[in-house]
Amino acid sequence: MLYIIIAILIFGILIATHELGHFLTAKLLGVRVNEFSIGMGPLLFQREKGDTLYSIRAFPIGGYCAMEGEDDDSTDPRAFGRAAGWKKFIILCAGAAMNFLTGLLILLILCGQATAFAMPGIAGFLEGYGLEDCGLQAGDMVLSVDGHRMYAYNDLTLFLDRAGDRVDWVVERNGQRVELKGVDMPPQARTGEDGQTTYYRGLSINRVWVPATLVTKVQFAWNSALDYVRLVWISLGEILRGAVGLRDLSGPVGIVEVMTEVGSDPQLSPTPLDAALNLANLAALIAVNLAVMNLLPLPALDGGRILFLVLNGVLYALFRRRISPKYEGYVHLTGLVLLMGLMAVVTLSDVGKLLGH
């Protein structure tokens with residue numbers, strides 16, 4: 001139960017942080033904010049200051065920033081709809097930017113505790129695969145595979161699994177950068193004593209440890225954030241090409257379950273400190289995930305609003321006309337209904353998986 005509460009609070013904080021980004025930039029750029037709320041549901045506390053109502057609500061599952069003229073054609077000169085295009089763009093991007101910065105801050109704190117960082121390296125070659133003269137050498141630290149930069153140790157396995165029979169490598173050898181193009185190393189089938197067939201490329205991988213200095217701590221925190229962005233894009237690509245089905249997706253219920261397992265599993269988190277660090281790492285991943293997803297050009301999301309902002313700019317430049325806020329509102333409302341429907345289906349799938357356990 002403790003980890004369920006922690007997971008819910010993490011979600012709430014990340015969503016509230018997103019709305020805080022919209023709120024701060026709206027205030028900074030002179031756009032009127034009617035209400036800024038932390039939490040959702042029944043009202044616990046409210047106070048009006050200036051032209052903004054600040055409120056705290058009962059359920060710590062997010063918050064909202066209600067700007068004047070955000071979804072209608074307000075006559076208020078400080079309305080969001082009447083602000084300059086560049087101001088709207090900054091305000092719309094600020095929520096995702098705040099989520100990304102939150103994830104980066106968490107990663108900076110986590111990396112600040114590290115004494116060394118693991119990067120993928122070549123330990124040697126398995127017998128019978130013919131890789132001894134492929135150009136790679138034991139002791140090489142892998143920098144990229146097929147143009148994909150290695151941000152962390154696990155990246156090598158990820159991109160080797162997705163690579164073809166010929167692989168482009170960039171490694172660091174004795175302090176020098178070495179490029180190897182089209183190394184022939186197709187996966188080869190091997191049948192074990194248990195009768196199961198597995199596929200290997202013939203490489204033995206190890207960890208190369210990079211000392212944790214102030215510079216490398218900042219560098220690895222930034223690289224980890226970029227790695228999470230890349231993972232989100234890879235996941236979206238898997239969904240679009242049909243490689244991931246409905247049961248592979250997770251909504252809030254599924255993510256809470258994952259966080260609960262990570263926090264309570266004695267193998268993953270043998271001590272309370274390990275549990276806290278693992279949950280913090282998951283929170284950073286979720287924060288970066290929210291940043292990327294919110295900028296997708298889909299109705300109801302910030303990216304969808306940015307898309308309409310760009311379309312209106314193009315239409316005005318060409319024809320001196322803009323899309324009516326009323327019709328844009330209809331599109332976003334339809335998108336919101338569809339997103340809520342998808343979320344409901346994914347949530348039901350998460351519940352079904354839990355009951356199946």
# chains A, B, ... in the order shown; residues from 1 in each chain; ligands from 1

$ select_by_dssp --residues "stretch 76-272 of chain A" --states "alpha helix (DSSP H)" --output "ChimeraX atom specification"
/A:85-112,155-162,214-240,252-264,272

$ closest_atom_pairs --of "stretch 177-269 of chain A" --to "stretch 98-106 of chain A" --cutoff "9 Å" --atoms "only C-alpha atoms" --output "tab-separated table"
residue	atom	partner	partner_atom	distance
A:Ala221	CA	A:Leu104	CA	6.6
A:Trp222	CA	A:Leu104	CA	6.7
A:Ser224	CA	A:Leu104	CA	8.3
A:Ala225	CA	A:Leu104	CA	6.0

$ write_last_selection --atoms "N, CA and C atoms" --output "tab-separated table (two decimals), in the first residue's frame"
chain	number	residue	atom	x	y	z
A	221	ALA	N	23.97	12.43	-16.41
A	221	ALA	CA	22.59	12.81	-16.12
A	221	ALA	C	21.89	13.29	-17.40
A	222	TRP	N	22.57	14.16	-18.15
A	222	TRP	CA	22.02	14.67	-19.40
A	222	TRP	C	21.84	13.53	-20.41
A	224	SER	N	21.40	10.39	-19.80
A	224	SER	CA	20.31	9.51	-19.37
A	224	SER	C	18.96	10.10	-19.76
A	225	ALA	N	18.82	11.43	-19.63
A	225	ALA	CA	17.57	12.08	-20.05
A	225	ALA	C	17.36	11.91	-21.55

$ residues_around --residues "stretch 49-54 of chain A" --least-positions-apart "2" --cutoff "7 Å" --atoms "only C-alpha atoms" --output "number ranges by chain"
A: 33-37, 46-47

$ closest_residue --among "A:Val310, A:Met150, A:Ala118, A:Leu333" --to "A:Trp86" --atoms "only C-alpha atoms"
A:Val310

$ residues_around --residues "A:Arg57" --least-positions-apart "6" --cutoff "12 Å" --atoms "only C-alpha atoms" --output "count of residues only"
15

$ atom_distance --atom1 "atom CA of A:Gly128" --atom2 "atom CA of A:Pro186"
12.7 Å

$ closest_residue --among "A:Ala189, A:Asn206, A:Leu339, A:Asp168" --to "A:Ala138" --atoms "only C-alpha atoms"
A:Asn206

$ closest_residue --among "A:Thr213, A:Ala97, A:Ile91, A:Phe59" --to "A:Thr17" --atoms "only C-alpha atoms"
A:Ala97

$ closest_residue --among "A:Thr157, A:Ala84, A:Ser74, A:Ala66" --to "A:Leu29" --atoms "only C-alpha atoms"
A:Ala84

$ closest_residue --among "A:Arg173, A:Arg207, A:Arg149, A:Lys27" --to "A:Phe117" --atoms "only C-alpha atoms"
A:Arg207

$ select_by_dssp --residues "stretch 101-297 of chain A" --states "strand (DSSP E)" --output "number ranges by chain"
A: 116-125, 141-145, 148-149, 166-173, 176-184, 188-191, 197-200, 203-211

$ closest_residue --among "A:Asp140, A:Asp73, A:Ala58, A:Lys181" --to "A:Tyr327" --atoms "only C-alpha atoms"
A:Asp73

$ residues_around --residues "A:Met119" --least-positions-apart "3" --cutoff "8 Å" --atoms "only C-alpha atoms" --output "MDAnalysis selection string"
chainID A and resid 141:142 150:153 207:210

$ residues_around --residues "A:Leu298" --least-positions-apart "5" --cutoff "12 Å" --atoms "only C-alpha atoms" --output "PyMOL selection string"
chain A and resi 292-293+303-308+331-336+338-339

$ write_last_selection --atoms "N, CA and C atoms" --output "short mmCIF file (atom, residue, chain, number, x, y, z; two decimals), in the first residue's frame"
data_model
loop_
_atom_site.label_atom_id
_atom_site.label_comp_id
_atom_site.auth_asym_id
_atom_site.auth_seq_id
_atom_site.Cartn_x
_atom_site.Cartn_y
_atom_site.Cartn_z
N VAL A 292 7.70 14.20 -23.71
CA VAL A 292 7.65 13.83 -25.13
C VAL A 292 6.21 13.64 -25.59
N MET A 293 5.42 12.91 -24.81
CA MET A 293 4.06 12.60 -25.23
C MET A 293 3.21 13.85 -25.35
N GLY A 303 1.01 19.52 -27.94
CA GLY A 303 1.50 19.46 -29.31
C GLY A 303 0.41 19.73 -30.33
N GLY A 304 -0.82 19.29 -30.04
CA GLY A 304 -1.93 19.58 -30.94
C GLY A 304 -2.25 21.06 -30.98
N ARG A 305 -2.16 21.71 -29.85
CA ARG A 305 -2.40 23.16 -29.80
C ARG A 305 -1.29 23.91 -30.54
N ILE A 306 -0.07 23.42 -30.40
CA ILE A 306 1.05 24.04 -31.13
C ILE A 306 0.85 23.86 -32.63
N LEU A 307 0.34 22.69 -33.05
CA LEU A 307 0.06 22.46 -34.47
C LEU A 307 -0.96 23.47 -35.00
N PHE A 308 -2.03 23.72 -34.24
CA PHE A 308 -3.02 24.70 -34.67
C PHE A 308 -2.42 26.10 -34.68
N VAL A 331 -12.25 20.29 -32.10
CA VAL A 331 -11.24 19.28 -32.44
C VAL A 331 -10.56 18.78 -31.16
N HIS A 332 -10.19 19.72 -30.29
CA HIS A 332 -9.51 19.31 -29.05
C HIS A 332 -10.45 18.52 -28.14
N LEU A 333 -11.73 18.89 -28.12
CA LEU A 333 -12.69 18.15 -27.31
C LEU A 333 -12.84 16.72 -27.83
N THR A 334 -12.91 16.56 -29.15
CA THR A 334 -12.99 15.23 -29.74
C THR A 334 -11.74 14.42 -29.41
N GLY A 335 -10.58 15.07 -29.53
CA GLY A 335 -9.34 14.38 -29.19
C GLY A 335 -9.29 13.97 -27.74
N LEU A 336 -9.80 14.85 -26.86
CA LEU A 336 -9.82 14.52 -25.44
C LEU A 336 -10.69 13.30 -25.16
N LEU A 338 -11.42 10.89 -27.27
CA LEU A 338 -10.74 9.70 -27.80
C LEU A 338 -9.60 9.27 -26.89
N LEU A 339 -8.82 10.24 -26.38
CA LEU A 339 -7.71 9.91 -25.48
C LEU A 339 -8.22 9.29 -24.18
#
